[in-house]
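What follows is target-v1.cif (mmCIF, C-alpha atoms and all ligand atoms).
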data_coords
#
loop_
_atom_site.label_atom_id
_atom_site.label_comp_id
_atom_site.auth_asym_id
_atom_site.auth_seq_id
_atom_site.Cartn_x
_atom_site.Cartn_y
_atom_site.Cartn_z
CA MET A 1174 38.63 -145.52 94.96
CA HIS A 1175 38.21 -143.01 97.80
CA HIS A 1176 39.76 -139.95 99.38
CA PHE A 1177 40.58 -141.29 102.84
CA GLN A 1178 44.33 -141.53 103.03
CA TYR A 1179 47.29 -141.04 105.34
CA THR A 1180 49.49 -137.97 105.23
CA ASP A 1181 52.32 -138.01 107.79
CA ASN A 1182 50.74 -141.07 109.39
CA ARG A 1183 47.51 -139.21 110.09
CA LEU A 1184 44.28 -140.17 108.41
CA HIS A 1185 42.86 -137.44 106.22
CA CYS A 1186 39.61 -137.07 104.39
CA GLU A 1187 40.59 -135.11 101.29
CA LYS A 1188 42.75 -132.35 102.83
CA VAL A 1189 41.30 -132.39 106.33
CA SER A 1190 42.75 -134.31 109.23
CA VAL A 1191 40.21 -136.66 110.76
CA SER A 1192 41.44 -135.99 114.32
CA GLU A 1193 40.92 -132.28 113.78
CA ILE A 1194 37.27 -132.91 112.96
CA ALA A 1195 36.96 -135.19 115.99
CA ARG A 1196 38.31 -132.41 118.20
CA GLU A 1197 35.60 -130.08 116.91
CA VAL A 1198 32.57 -132.36 116.77
CA SER A 1199 33.51 -135.06 119.32
CA THR A 1200 32.96 -138.77 118.57
CA PRO A 1201 31.41 -140.89 117.17
CA PHE A 1202 30.60 -139.31 113.82
CA TYR A 1203 30.06 -140.27 110.21
CA LEU A 1204 32.39 -138.62 107.75
CA TYR A 1205 31.80 -138.40 104.00
CA SER A 1206 34.10 -137.21 101.26
CA HIS A 1207 32.49 -134.89 98.73
CA ALA A 1208 35.08 -135.65 96.04
CA THR A 1209 34.55 -139.39 96.47
CA LEU A 1210 30.79 -139.06 96.21
CA CYS A 1211 31.05 -136.98 93.05
CA LYS A 1212 33.60 -139.32 91.53
CA HIS A 1213 31.52 -142.41 92.30
CA PHE A 1214 28.32 -140.89 90.97
CA ARG A 1215 29.96 -139.74 87.77
CA ALA A 1216 31.83 -143.00 87.22
CA PHE A 1217 28.58 -144.91 87.54
CA ASP A 1218 26.30 -142.60 85.62
CA SER A 1219 28.69 -141.90 82.76
CA SER A 1220 29.22 -145.62 82.16
CA PHE A 1221 25.72 -145.60 80.71
CA ASN A 1222 26.16 -142.49 78.58
CA GLU A 1223 25.73 -144.41 75.36
CA ILE A 1224 22.15 -145.31 76.16
CA LYS A 1225 19.08 -143.47 77.35
CA HIS A 1226 19.14 -143.85 81.08
CA LEU A 1227 18.21 -142.36 84.42
CA THR A 1228 20.28 -143.01 87.53
CA CYS A 1229 18.00 -143.03 90.57
CA PHE A 1230 20.15 -142.96 93.69
CA SER A 1231 18.81 -145.44 96.24
CA VAL A 1232 17.80 -143.18 99.11
CA LYS A 1233 17.69 -145.97 101.67
CA SER A 1234 21.46 -146.31 101.51
CA ASN A 1235 21.96 -142.78 102.79
CA SER A 1236 19.17 -140.26 103.08
CA ASN A 1237 20.94 -137.20 104.45
CA LEU A 1238 19.56 -134.04 102.79
CA ALA A 1239 22.99 -132.68 101.88
CA ILE A 1240 23.91 -135.93 100.20
CA LEU A 1241 20.66 -136.04 98.28
CA ARG A 1242 21.17 -132.41 97.25
CA LEU A 1243 24.65 -133.24 95.99
CA PHE A 1244 23.22 -136.01 93.80
CA ALA A 1245 20.35 -133.77 92.69
CA ARG A 1246 23.01 -131.36 91.42
CA GLN A 1247 24.58 -134.23 89.49
CA GLY A 1248 21.25 -134.88 87.79
CA SER A 1249 20.27 -137.89 89.84
CA GLY A 1250 16.78 -139.19 90.36
CA ALA A 1251 15.77 -141.22 93.41
CA ASP A 1252 14.71 -144.74 94.22
CA ILE A 1253 12.45 -144.48 97.27
CA VAL A 1254 10.56 -146.92 99.46
CA SER A 1255 8.47 -144.72 101.74
CA GLY A 1256 6.68 -141.42 102.10
CA GLY A 1257 9.49 -140.28 104.37
CA GLU A 1258 12.04 -140.92 101.65
CA LEU A 1259 9.87 -139.04 99.16
CA TYR A 1260 9.73 -136.08 101.55
CA ARG A 1261 13.51 -135.98 101.87
CA THR A 1262 13.96 -136.44 98.14
CA LEU A 1263 11.72 -133.52 97.24
CA LYS A 1264 13.18 -131.32 99.99
CA ALA A 1265 16.62 -132.01 98.56
CA GLY A 1266 15.49 -130.79 95.16
CA ILE A 1267 15.29 -134.04 93.22
CA ALA A 1268 12.65 -133.66 90.51
CA PRO A 1269 9.53 -135.81 91.10
CA GLU A 1270 9.60 -136.97 87.48
CA LYS A 1271 12.87 -138.72 88.34
CA VAL A 1272 11.47 -140.66 91.30
CA VAL A 1273 10.61 -144.36 91.32
CA TYR A 1274 8.85 -145.91 94.29
CA SER A 1275 9.41 -149.58 95.21
CA GLY A 1276 8.44 -151.66 98.23
CA VAL A 1277 6.06 -154.50 99.02
CA GLY A 1278 3.98 -152.58 101.57
CA LYS A 1279 3.15 -149.12 100.34
CA LYS A 1280 0.65 -147.43 102.66
CA THR A 1281 -2.36 -145.64 101.24
CA ASP A 1282 -1.32 -142.23 102.54
CA ASP A 1283 2.16 -142.67 101.08
CA ILE A 1284 0.59 -143.67 97.74
CA GLU A 1285 -1.54 -140.51 97.85
CA TYR A 1286 1.51 -138.38 98.60
CA ALA A 1287 3.42 -139.92 95.69
CA LEU A 1288 0.49 -139.55 93.28
CA ASN A 1289 -0.01 -135.94 94.31
CA SER A 1290 3.72 -135.34 93.79
CA ASP A 1291 3.54 -136.79 90.27
CA ILE A 1292 6.44 -139.19 90.62
CA LEU A 1293 7.66 -141.03 87.53
CA MET A 1294 6.35 -144.46 88.50
CA PHE A 1295 5.44 -147.00 91.14
CA ASN A 1296 7.28 -150.29 91.01
CA VAL A 1297 4.40 -152.50 92.10
CA GLU A 1298 5.05 -155.72 93.90
CA SER A 1299 1.71 -157.55 94.10
CA PRO A 1300 -1.65 -157.86 92.34
CA MET A 1301 -3.36 -156.32 95.39
CA GLU A 1302 -1.11 -153.31 95.21
CA ILE A 1303 -2.11 -152.73 91.57
CA LEU A 1304 -5.76 -152.71 92.62
CA ARG A 1305 -5.05 -150.40 95.54
CA LEU A 1306 -3.19 -147.98 93.27
CA ASN A 1307 -6.03 -147.99 90.77
CA GLU A 1308 -8.52 -147.19 93.50
CA VAL A 1309 -6.46 -144.44 95.15
CA ALA A 1310 -5.58 -142.84 91.81
CA GLY A 1311 -9.27 -142.88 90.84
CA ARG A 1312 -10.20 -141.17 94.09
CA LEU A 1313 -7.62 -138.44 93.46
CA GLY A 1314 -8.47 -138.05 89.79
CA LYS A 1315 -4.97 -139.17 88.82
CA LYS A 1316 -3.41 -141.89 86.68
CA ALA A 1317 -0.83 -144.08 88.39
CA ARG A 1318 2.15 -144.91 86.20
CA ILE A 1319 3.47 -148.32 87.07
CA ALA A 1320 6.20 -150.81 86.41
CA ILE A 1321 5.62 -154.33 87.60
CA ARG A 1322 8.53 -155.48 89.72
CA VAL A 1323 9.13 -159.05 88.72
CA ASN A 1324 10.89 -161.71 90.67
CA PRO A 1325 13.05 -163.54 88.12
CA ASP A 1326 14.21 -166.34 90.46
CA VAL A 1327 17.91 -165.67 90.00
CA ASP A 1328 20.41 -166.35 92.76
CA PRO A 1329 22.41 -163.18 93.42
CA LYS A 1330 24.91 -165.14 95.57
CA THR A 1331 24.90 -162.67 98.42
CA HIS A 1332 23.89 -162.62 102.09
CA PRO A 1333 20.41 -164.20 102.45
CA TYR A 1334 19.00 -161.08 104.17
CA ILE A 1335 19.80 -158.96 101.12
CA SER A 1336 18.83 -161.43 98.39
CA THR A 1337 15.58 -160.33 96.84
CA GLY A 1338 15.22 -162.05 93.48
CA LEU A 1339 14.68 -165.64 94.58
CA LYS A 1340 11.31 -167.37 94.42
CA GLU A 1341 11.12 -167.64 98.21
CA ASN A 1342 11.66 -163.89 98.72
CA LYS A 1343 8.74 -161.56 99.40
CA PHE A 1344 9.62 -159.23 96.54
CA GLY A 1345 8.02 -158.69 93.18
CA ILE A 1346 5.60 -160.77 91.15
CA ASP A 1347 6.69 -164.17 89.87
CA ILE A 1348 7.97 -163.58 86.35
CA ALA A 1349 5.74 -166.38 85.05
CA GLU A 1350 2.67 -164.54 86.33
CA ALA A 1351 3.77 -161.15 85.04
CA PRO A 1352 2.03 -161.27 81.62
CA GLY A 1353 -1.34 -161.93 83.26
CA GLN A 1354 -0.79 -159.14 85.76
CA TYR A 1355 0.25 -156.72 83.01
CA ALA A 1356 -2.92 -157.52 81.11
CA MET A 1357 -4.95 -156.97 84.26
CA ALA A 1358 -3.16 -153.68 85.02
CA ALA A 1359 -3.56 -152.43 81.44
CA SER A 1360 -7.30 -152.97 81.67
CA LEU A 1361 -7.67 -150.72 84.71
CA GLU A 1362 -9.02 -147.23 84.29
CA ASN A 1363 -6.49 -145.37 86.44
CA ILE A 1364 -3.33 -147.35 85.75
CA ARG A 1365 -0.83 -146.57 83.03
CA VAL A 1366 1.69 -149.30 82.29
CA TYR A 1367 5.06 -147.65 81.88
CA GLY A 1368 7.76 -150.10 82.71
CA LEU A 1369 9.23 -153.25 84.09
CA SER A 1370 11.42 -153.41 87.15
CA CYS A 1371 13.59 -155.89 88.95
CA HIS A 1372 16.08 -155.85 91.82
CA ILE A 1373 17.66 -159.18 92.67
CA GLY A 1374 19.74 -158.25 95.67
CA SER A 1375 22.50 -156.16 97.10
CA GLN A 1376 26.30 -156.45 97.38
CA LEU A 1377 26.58 -158.59 94.24
CA THR A 1378 30.18 -159.32 93.37
CA GLU A 1379 29.61 -160.94 89.99
CA VAL A 1380 28.00 -159.67 86.85
CA SER A 1381 26.41 -162.95 85.77
CA PRO A 1382 23.29 -162.82 87.99
CA PHE A 1383 22.50 -159.36 86.61
CA VAL A 1384 22.84 -160.68 83.06
CA ASP A 1385 20.77 -163.79 83.80
CA ALA A 1386 17.99 -161.64 85.21
CA LEU A 1387 18.17 -159.21 82.31
CA ARG A 1388 17.82 -162.00 79.76
CA LYS A 1389 14.68 -163.19 81.48
CA LEU A 1390 13.33 -159.63 81.46
CA LYS A 1391 14.04 -159.29 77.76
CA THR A 1392 12.06 -162.43 76.99
CA LEU A 1393 9.20 -161.11 79.07
CA ILE A 1394 9.29 -157.71 77.33
CA ALA A 1395 9.22 -159.33 73.88
CA GLY A 1396 6.13 -161.31 74.89
CA LEU A 1397 4.43 -158.24 76.33
CA GLU A 1398 5.12 -156.20 73.24
CA ALA A 1399 3.73 -158.96 71.06
CA SER A 1400 0.52 -158.70 73.04
CA GLY A 1401 0.40 -154.93 72.62
CA ILE A 1402 1.84 -153.84 75.97
CA GLN A 1403 4.59 -151.31 75.55
CA ILE A 1404 7.46 -151.09 78.05
CA ASN A 1405 9.09 -147.65 78.03
CA TYR A 1406 11.20 -147.91 81.15
CA LEU A 1407 13.33 -150.85 82.18
CA ASP A 1408 14.44 -150.53 85.80
CA VAL A 1409 17.20 -153.00 86.64
CA GLY A 1410 17.47 -151.97 90.30
CA GLY A 1411 20.69 -151.58 92.25
CA GLY A 1412 22.89 -154.17 93.82
CA LEU A 1413 26.40 -153.68 92.53
CA GLY A 1414 28.80 -154.65 95.31
CA ILE A 1415 31.89 -152.95 96.70
CA THR A 1416 35.16 -154.01 98.30
CA TYR A 1417 34.79 -154.19 102.06
CA ASP A 1418 37.55 -156.75 102.53
CA ARG A 1419 38.88 -158.75 99.60
CA GLU A 1420 35.84 -158.88 97.33
CA GLN A 1421 36.56 -158.01 93.72
CA PRO A 1422 33.25 -156.83 92.34
CA PRO A 1423 32.98 -155.67 88.74
CA ASP A 1424 33.58 -151.95 88.46
CA PRO A 1425 30.72 -149.77 87.14
CA GLY A 1426 32.28 -149.80 83.66
CA GLN A 1427 32.26 -153.61 83.49
CA TYR A 1428 28.75 -153.74 84.91
CA ALA A 1429 27.53 -151.16 82.39
CA ARG A 1430 29.18 -152.95 79.48
CA ALA A 1431 27.43 -156.20 80.39
CA ILE A 1432 24.06 -154.47 80.61
CA ARG A 1433 24.56 -152.40 77.47
CA ALA A 1434 25.50 -155.52 75.53
CA GLU A 1435 22.07 -156.97 76.35
CA LEU A 1436 20.15 -153.83 75.43
CA LYS A 1437 21.83 -152.85 72.18
CA ALA A 1438 18.95 -152.01 69.92
CA SER A 1439 16.48 -151.08 72.58
CA ASP A 1440 14.47 -147.89 72.67
CA MET A 1441 13.58 -148.14 76.33
CA THR A 1442 14.96 -145.81 78.99
CA LEU A 1443 17.11 -147.77 81.39
CA ILE A 1444 16.69 -146.97 85.08
CA LEU A 1445 19.43 -147.80 87.56
CA GLU A 1446 19.08 -147.69 91.34
CA PRO A 1447 22.58 -147.74 92.78
CA GLY A 1448 23.11 -147.14 96.49
CA ARG A 1449 26.06 -148.92 98.01
CA VAL A 1450 28.40 -148.64 95.03
CA ILE A 1451 28.20 -144.85 95.27
CA MET A 1452 27.95 -144.35 99.03
CA GLY A 1453 29.70 -147.31 100.64
CA ASN A 1454 33.34 -146.36 100.34
CA ALA A 1455 32.66 -142.63 100.46
CA GLY A 1456 31.94 -142.67 104.19
CA ILE A 1457 33.52 -143.83 107.44
CA LEU A 1458 32.47 -143.96 111.07
CA VAL A 1459 34.97 -142.41 113.45
CA THR A 1460 34.99 -143.62 117.03
CA GLU A 1461 37.18 -143.28 120.09
CA VAL A 1462 38.60 -146.12 122.13
CA LEU A 1463 37.20 -145.77 125.65
CA TYR A 1464 38.77 -148.75 127.37
CA THR A 1465 40.78 -151.83 126.65
CA LYS A 1466 40.02 -155.02 128.46
CA THR A 1467 41.91 -158.28 128.48
CA THR A 1468 40.31 -161.48 129.65
CA LYS A 1469 41.79 -164.96 129.65
CA GLU A 1470 40.18 -165.56 126.27
CA LYS A 1471 40.33 -162.28 124.47
CA LYS A 1472 41.40 -158.71 124.13
CA PHE A 1473 38.64 -156.13 123.71
CA PHE A 1474 38.76 -152.59 122.49
CA ILE A 1475 35.67 -150.88 123.82
CA VAL A 1476 34.76 -147.92 121.63
CA ASP A 1477 32.18 -145.15 121.91
CA ALA A 1478 30.25 -146.16 118.77
CA ALA A 1479 27.88 -149.09 118.93
CA MET A 1480 25.53 -151.31 116.96
CA ASN A 1481 22.86 -148.61 117.10
CA ASP A 1482 25.21 -146.38 115.09
CA LEU A 1483 26.34 -149.02 112.57
CA LEU A 1484 24.23 -152.17 112.59
CA ARG A 1485 25.76 -154.04 109.66
CA PRO A 1486 28.31 -156.18 111.55
CA SER A 1487 25.69 -157.26 114.11
CA LEU A 1488 22.95 -157.92 111.58
CA TYR A 1489 24.86 -159.46 108.68
CA ASN A 1490 28.17 -160.32 110.33
CA SER A 1491 29.58 -157.96 107.74
CA TYR A 1492 33.21 -156.97 107.49
CA HIS A 1493 34.42 -153.38 107.85
CA SER A 1494 38.12 -152.56 107.83
CA ILE A 1495 39.43 -150.87 110.92
CA TRP A 1496 42.03 -148.16 110.43
CA PRO A 1497 43.83 -146.20 113.14
CA VAL A 1498 43.34 -142.46 112.69
CA LYS A 1499 46.93 -141.96 113.81
CA LYS A 1500 49.44 -144.55 112.71
CA ALA A 1501 52.07 -144.67 115.41
CA GLY A 1502 54.07 -147.70 114.41
CA LEU A 1503 51.61 -149.59 116.57
CA LYS A 1504 52.12 -153.29 116.61
CA ASN A 1505 49.17 -155.48 115.77
CA VAL A 1506 47.10 -157.59 118.13
CA LYS A 1507 44.13 -159.87 117.71
CA ALA A 1508 41.11 -158.28 119.33
CA ASP A 1509 37.37 -157.76 119.35
CA ILE A 1510 36.13 -154.24 118.77
CA VAL A 1511 32.93 -153.75 120.69
CA GLY A 1512 30.53 -150.98 121.62
CA PRO A 1513 28.90 -150.04 124.92
CA ILE A 1514 25.49 -151.64 124.22
CA CYS A 1515 24.20 -154.34 126.48
CA GLU A 1516 24.26 -157.15 123.93
CA SER A 1517 27.01 -159.51 122.86
CA GLY A 1518 25.96 -158.81 119.29
CA ASP A 1519 27.31 -155.29 119.68
CA PHE A 1520 30.58 -155.60 117.83
CA PHE A 1521 32.37 -154.12 114.83
CA ALA A 1522 35.03 -156.80 114.43
CA ARG A 1523 35.84 -160.09 116.07
CA ASP A 1524 39.22 -161.80 116.39
CA ARG A 1525 40.63 -159.18 114.05
CA ASP A 1526 44.28 -158.24 113.65
CA VAL A 1527 44.25 -154.55 114.48
CA ALA A 1528 46.66 -151.93 115.77
CA LEU A 1529 47.29 -152.01 119.51
CA PHE A 1530 45.02 -149.10 120.32
CA GLU A 1531 45.13 -147.22 123.60
CA PRO A 1532 42.26 -145.44 125.33
CA GLY A 1533 41.75 -142.05 123.69
CA ASP A 1534 42.91 -143.27 120.28
CA LEU A 1535 40.61 -142.74 117.33
CA MET A 1536 39.59 -145.53 115.03
CA ALA A 1537 38.02 -145.32 111.59
CA ILE A 1538 35.47 -147.96 110.67
CA MET A 1539 35.76 -147.99 106.91
CA SER A 1540 33.18 -148.45 104.13
CA ALA A 1541 30.36 -147.20 106.33
CA GLY A 1542 28.78 -144.66 103.99
CA ALA A 1543 25.97 -146.94 102.80
CA TYR A 1544 23.41 -148.37 105.21
CA GLY A 1545 25.36 -146.86 108.12
CA PHE A 1546 23.59 -143.78 109.41
CA SER A 1547 20.39 -144.70 107.58
CA MET A 1548 20.03 -147.87 109.66
CA SER A 1549 21.03 -146.24 112.94
CA SER A 1550 18.67 -146.03 115.88
CA ASN A 1551 18.39 -144.67 119.41
CA TYR A 1552 18.68 -148.08 121.05
CA ASN A 1553 19.97 -147.79 124.63
CA SER A 1554 18.84 -144.15 124.43
CA ARG A 1555 21.94 -143.18 122.55
CA PRO A 1556 21.55 -139.93 120.61
CA ARG A 1557 22.24 -140.45 116.93
CA VAL A 1558 25.69 -139.29 115.92
CA CYS A 1559 26.52 -136.31 113.77
CA GLU A 1560 27.34 -136.48 110.10
CA VAL A 1561 30.10 -134.44 108.53
CA MET A 1562 31.06 -133.83 104.91
CA VAL A 1563 34.52 -132.77 103.81
CA LYS A 1564 35.03 -130.79 100.65
CA GLU A 1565 38.69 -130.19 99.87
CA ASP A 1566 40.13 -128.39 102.91
CA ARG A 1567 36.90 -127.66 104.81
CA PHE A 1568 34.39 -129.69 106.70
CA TYR A 1569 30.68 -129.13 107.14
CA ILE A 1570 28.30 -130.60 109.71
CA ILE A 1571 25.46 -132.01 107.62
CA ARG A 1572 23.53 -133.39 110.56
CA GLN A 1573 23.84 -132.27 114.16
CA ARG A 1574 24.47 -134.80 116.85
CA GLU A 1575 21.19 -135.46 118.64
CA SER A 1576 20.70 -134.16 122.17
CA PHE A 1577 19.04 -135.84 125.15
CA GLN A 1578 16.05 -133.55 124.49
CA ASP A 1579 15.83 -134.98 120.96
CA LEU A 1580 15.60 -138.44 122.51
CA ILE A 1581 12.28 -137.70 124.20
CA LYS A 1582 10.83 -135.55 121.40
CA GLY A 1583 7.16 -136.41 120.96
CA GLU A 1584 6.90 -138.53 124.11
CA GLN A 1585 4.08 -137.61 126.48
CA ILE A 1586 3.17 -138.57 130.00
CA PRO A 1587 -0.64 -139.04 130.15
CA ASP A 1588 -2.68 -137.07 132.69
CA PHE A 1589 -3.33 -140.07 134.89
CA LEU A 1590 0.42 -140.32 135.56
CA SER A 1591 1.03 -136.66 136.17
N1 LIG B 1601 16.61 -150.87 94.56
C1 LIG B 1601 15.87 -151.62 95.39
C2 LIG B 1601 14.49 -151.95 95.01
C3 LIG B 1601 16.42 -152.08 96.59
O1 LIG B 1601 15.69 -152.83 97.40
C4 LIG B 1601 17.77 -151.72 96.94
C5 LIG B 1601 18.36 -152.18 98.18
C6 LIG B 1601 18.48 -150.92 96.03
C7 LIG B 1601 17.88 -150.51 94.85
C8 LIG B 1601 19.89 -150.47 96.28
O2 LIG B 1601 20.76 -151.54 96.34
P1 LIG B 1601 22.34 -151.29 96.42
O3 LIG B 1601 22.79 -150.66 95.14
O4 LIG B 1601 22.62 -150.41 97.58
O5 LIG B 1601 22.87 -152.65 96.64
N2 LIG B 1601 20.98 -152.94 104.62
C9 LIG B 1601 21.69 -153.83 103.74
C10 LIG B 1601 21.35 -153.59 102.29
C11 LIG B 1601 19.88 -153.69 101.99
C12 LIG B 1601 19.56 -153.39 100.55
C13 LIG B 1601 18.11 -153.27 100.35
N3 LIG B 1601 17.73 -152.91 99.02
C14 LIG B 1601 23.18 -153.71 103.98
O6 LIG B 1601 23.58 -152.94 104.83
O7 LIG B 1601 23.95 -154.43 103.37
#
Any chance you could put this one into structure tokens?
Amino acid sequence: MHHFQYTDNRLHCEKVSVSEIAREVSTPFYLYSHATLCKHFRAFDSSFNEIKHLTCFSVKSNSNLAILRLFARQGSGADIVSGGELYRTLKAGIAPEKVVYSGVGKKTDDIEYALNSDILMFNVESPMEILRLNEVAGRLGKKARIAIRVNPDVDPKTHPYISTGLKENKFGIDIAEAPGQYAMAASLENIRVYGLSCHIGSQLTEVSPFVDALRKLKTLIAGLEASGIQINYLDVGGGLGITYDREQPPDPGQYARAIRAELKASDMTLILEPGRVIMGNAGILVTEVLYTKTTKEKKFFIVDAAMNDLLRPSLYNSYHSIWPVKKAGLKNVKADIVGPICESGDFFARDRDVALFEPGDLMAIMSAGAYGFSMSSNYNSRPRVCEVMVKEDRFYIIRQRESFQDLIKGEQIPDFLS
């Protein structure tokens, strides 16, 4: 599953000792395994070899340039949601004709940037957005290729914050209204209808919601084709879950088989937007224990990483395994693992059985490769941590740790205060 393993009781990433990297770059830091990333991408992408498809890595899950370059080399496209993500994607060398752009609130200047870059298509999420695209494309003398993102009202059975395909969610256009919107879009001068898209949520651990959604899409496509609207690209989004704790999600092969079974005779190009399933278990966050503290109620391990570095536990109460970087026959204790930020929500684990760490020990917060660094911030004026990639027996810094100067970059004191 991944290349983080113990050799002589010391955690290694591929052939490099994690403590050795910590000595060089200090803590906290994100650490990614090149071999794991390649293996995950290939396992996913090759599961769809039998059909025409394009894997568009979901840039929001991890947008580091080196990581995007690695996927570009593997032939990946990109699923983006902002002008900033488009910028990174193009800088990393992903071809614009492999880029799909989703999101309910695309800004006009980002739309212009994407049109001028000639991306494959916009996954549009509202009737107003279709009109906006038509107008902006007209102004630029371009045609905007679109897929309508439909909301199929399928329960993905995941955390409510990352469910997107239910009627009450802000995403997509109600599937019942889609035919009317397609007809409207097809009548517009500067719009070219290319596809249909859908993304029902993230961290799905069953295949059935994907299949339920796909069946609804197929019915819609048949109706559209009967009315003369051709769908060339079917984008089924991302969402395949991973094992953080004891979840047993379908593996990419099972997921692909279920989807392929539904699309047997189809001539469409399938688009997939995986993020977490490729990145999640290919990265960890390494942190050092600063202090231990025992109160009447609890034991705390206070570490040098915090919620600004990895927000997922605070935001979704999500589970990340905690591994000691050096196994020293430590006995286990029940403890909270918390960061230095001034909020009680700043934790990585609560009432967890973990090794009895001592100050100075290193801890690995597992499964942090997706939505880890990309959701990090400078809250509490904490410089963002560095990112490191291991390839075999070498490691490479792929993002420098920020400095205090970086923290105030762009800030200005107006004259009247000088
Ligand atoms: N496509 C679209 C349109 C999406 O909105 C997303 C994720 C993906 C693809 C990729 O989904 P994945 O394969 O990674 O599940 N911050 C949350 C996850 C938010 C996901 C948002 N959309 C977390 O840390 O769990």
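Put simply, CA of Asp1181 in chain A is 15.8 Å away from CA of Leu1535 in chain A.
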Nearest residue to Phe1520 in chain A out of A:Val1476, A:Ala1239, A:Ile1373, A:Val1327, using all atoms listed in the file?
A:Val1476
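Listed by chain and then residue number, the contacts of ligand LIG 1601 (chain B) are Ser1231, Ser1234, Asp1252, Ser1275, Gly1276, Ile1335, His1372, Gly1374, Ser1375, Gln1376, Gly1410, Gly1411, Gly1412, Leu1413, Gly1414, Glu1446, Pro1447, Gly1448, Arg1449, Val1450, Arg1485, Ala1543 and Tyr1544 of chain A (distance at most 7 Å, using only C-alpha atoms and all ligand atoms).
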For each of A:Ile1394, A:Leu1436, A:Ala1522, A:Val1309, take the minimum atom-to-atom distance to Asn1490 in chain A, counting all atoms listed in the file, then give the residue where this is smallest.
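Residue with the minimum atom-to-atom distance to Asn1490 in chain A: A:Ala1522.
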Skip Trp1496 in chain A itself and residues of its chain fewer than 4 positions away, then list as an MDAnalysis selection string all residues within 7 Å of it, counting all atoms listed in the file.
chainID A and resid 1536:1538
For each of A:Ala1251, A:Val1198, A:Leu1529, A:Leu1241, take the minimum atom-to-atom distance to Val1506 in chain A, counting only C-alpha atoms, then give the residue where this is smallest.
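Using only C-alpha atoms, the shortest distance to Val1506 in chain A belongs to A:Leu1529.
Compared by their closest atoms to Met1452 in chain A, and using all atoms listed in the file, the residues A:Phe1383, A:Tyr1334, A:Tyr1569, A:Phe1546 rank with A:Phe1546 nearest.
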Residues within 9 Å of (38.8, -146.7, 118.9), file coords, all atoms listed in the file, listed as number ranges by chain
A: 1459-1464, 1474-1478, 1497-1498, 1510, 1530-1538
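Taking CA of Val1189 in chain A as the reference point, CA of Met1174 in chain A is found at 17.6 Å.
Taking all atoms listed in the file into account, Gly1266 in chain A lies nearest to A:Arg1242 out of the set A:Lys1279, A:Lys1389, A:Arg1242, A:Lys1315.
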Nearest to Phe1221 in chain A, restricted to all atoms listed in the file and choosing among A:Lys1500, A:Lys1437, A:Arg1572, A:His1493, comes out as A:Lys1437
Record the distance separating CA of Gly1453 in chain A and CA of Ser1550 in chain A, expressed in Å with one decimal.
18.9 Å
Would you kindly return, as an mmCIF file with C-alpha atoms, in the frame of the given file, each protein, DNA or RNA residue with an atom no farther than 7 Å from any atom of Val1384 in chain A, considering all atoms listed in the file and excluding same-chain residues fewer than 3 positions away?
data_model
loop_
_atom_site.group_PDB
_atom_site.id
_atom_site.type_symbol
_atom_site.label_atom_id
_atom_site.label_comp_id
_atom_site.auth_asym_id
_atom_site.auth_seq_id
_atom_site.Cartn_x
_atom_site.Cartn_y
_atom_site.Cartn_z
ATOM 1 C CA VAL A 1380 28.000 -159.670 86.850
ATOM 2 C CA SER A 1381 26.410 -162.950 85.770
ATOM 3 C CA LEU A 1387 18.170 -159.210 82.310
ATOM 4 C CA ARG A 1388 17.820 -162.000 79.760
ATOM 5 C CA ALA A 1431 27.430 -156.200 80.390
ATOM 6 C CA ILE A 1432 24.060 -154.470 80.610
#
I want to know what sits within 9 Å of Ile1319 in chain A, based on all atoms listed in the file, with residues of the same chain fewer than 2 positions away left out; could you give that as a list in words?
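So, after excluding close chain neighbours, the residues are Leu1293, Met1294, Phe1295, Asn1296, Val1297, Ile1303, Ala1317, Ile1321, Ala1358, Ile1364, Arg1365, Val1366, Tyr1367, Gly1368 and Leu1369 of chain A.
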Take the residues from that selection and write them out as a PDB file, in the coordinates of the input, keeping C-alpha atoms.
ATOM      1  CA  LEU A1293       7.660-141.030  87.530  1.00  0.00           C
ATOM      2  CA  MET A1294       6.350-144.460  88.500  1.00  0.00           C
ATOM      3  CA  PHE A1295       5.440-147.000  91.140  1.00  0.00           C
ATOM      4  CA  ASN A1296       7.280-150.290  91.010  1.00  0.00           C
ATOM      5  CA  VAL A1297       4.400-152.500  92.100  1.00  0.00           C
ATOM      6  CA  ILE A1303      -2.110-152.730  91.570  1.00  0.00           C
ATOM      7  CA  ALA A1317      -0.830-144.080  88.390  1.00  0.00           C
ATOM      8  CA  ILE A1321       5.620-154.330  87.600  1.00  0.00           C
ATOM      9  CA  ALA A1358      -3.160-153.680  85.020  1.00  0.00           C
ATOM     10  CA  ILE A1364      -3.330-147.350  85.750  1.00  0.00           C
ATOM     11  CA  ARG A1365      -0.830-146.570  83.030  1.00  0.00           C
ATOM     12  CA  VAL A1366       1.690-149.300  82.290  1.00  0.00           C
ATOM     13  CA  TYR A1367       5.060-147.650  81.880  1.00  0.00           C
ATOM     14  CA  GLY A1368       7.760-150.100  82.710  1.00  0.00           C
ATOM     15  CA  LEU A1369       9.230-153.250  84.090  1.00  0.00           C
TER      16      LEU A1369
END
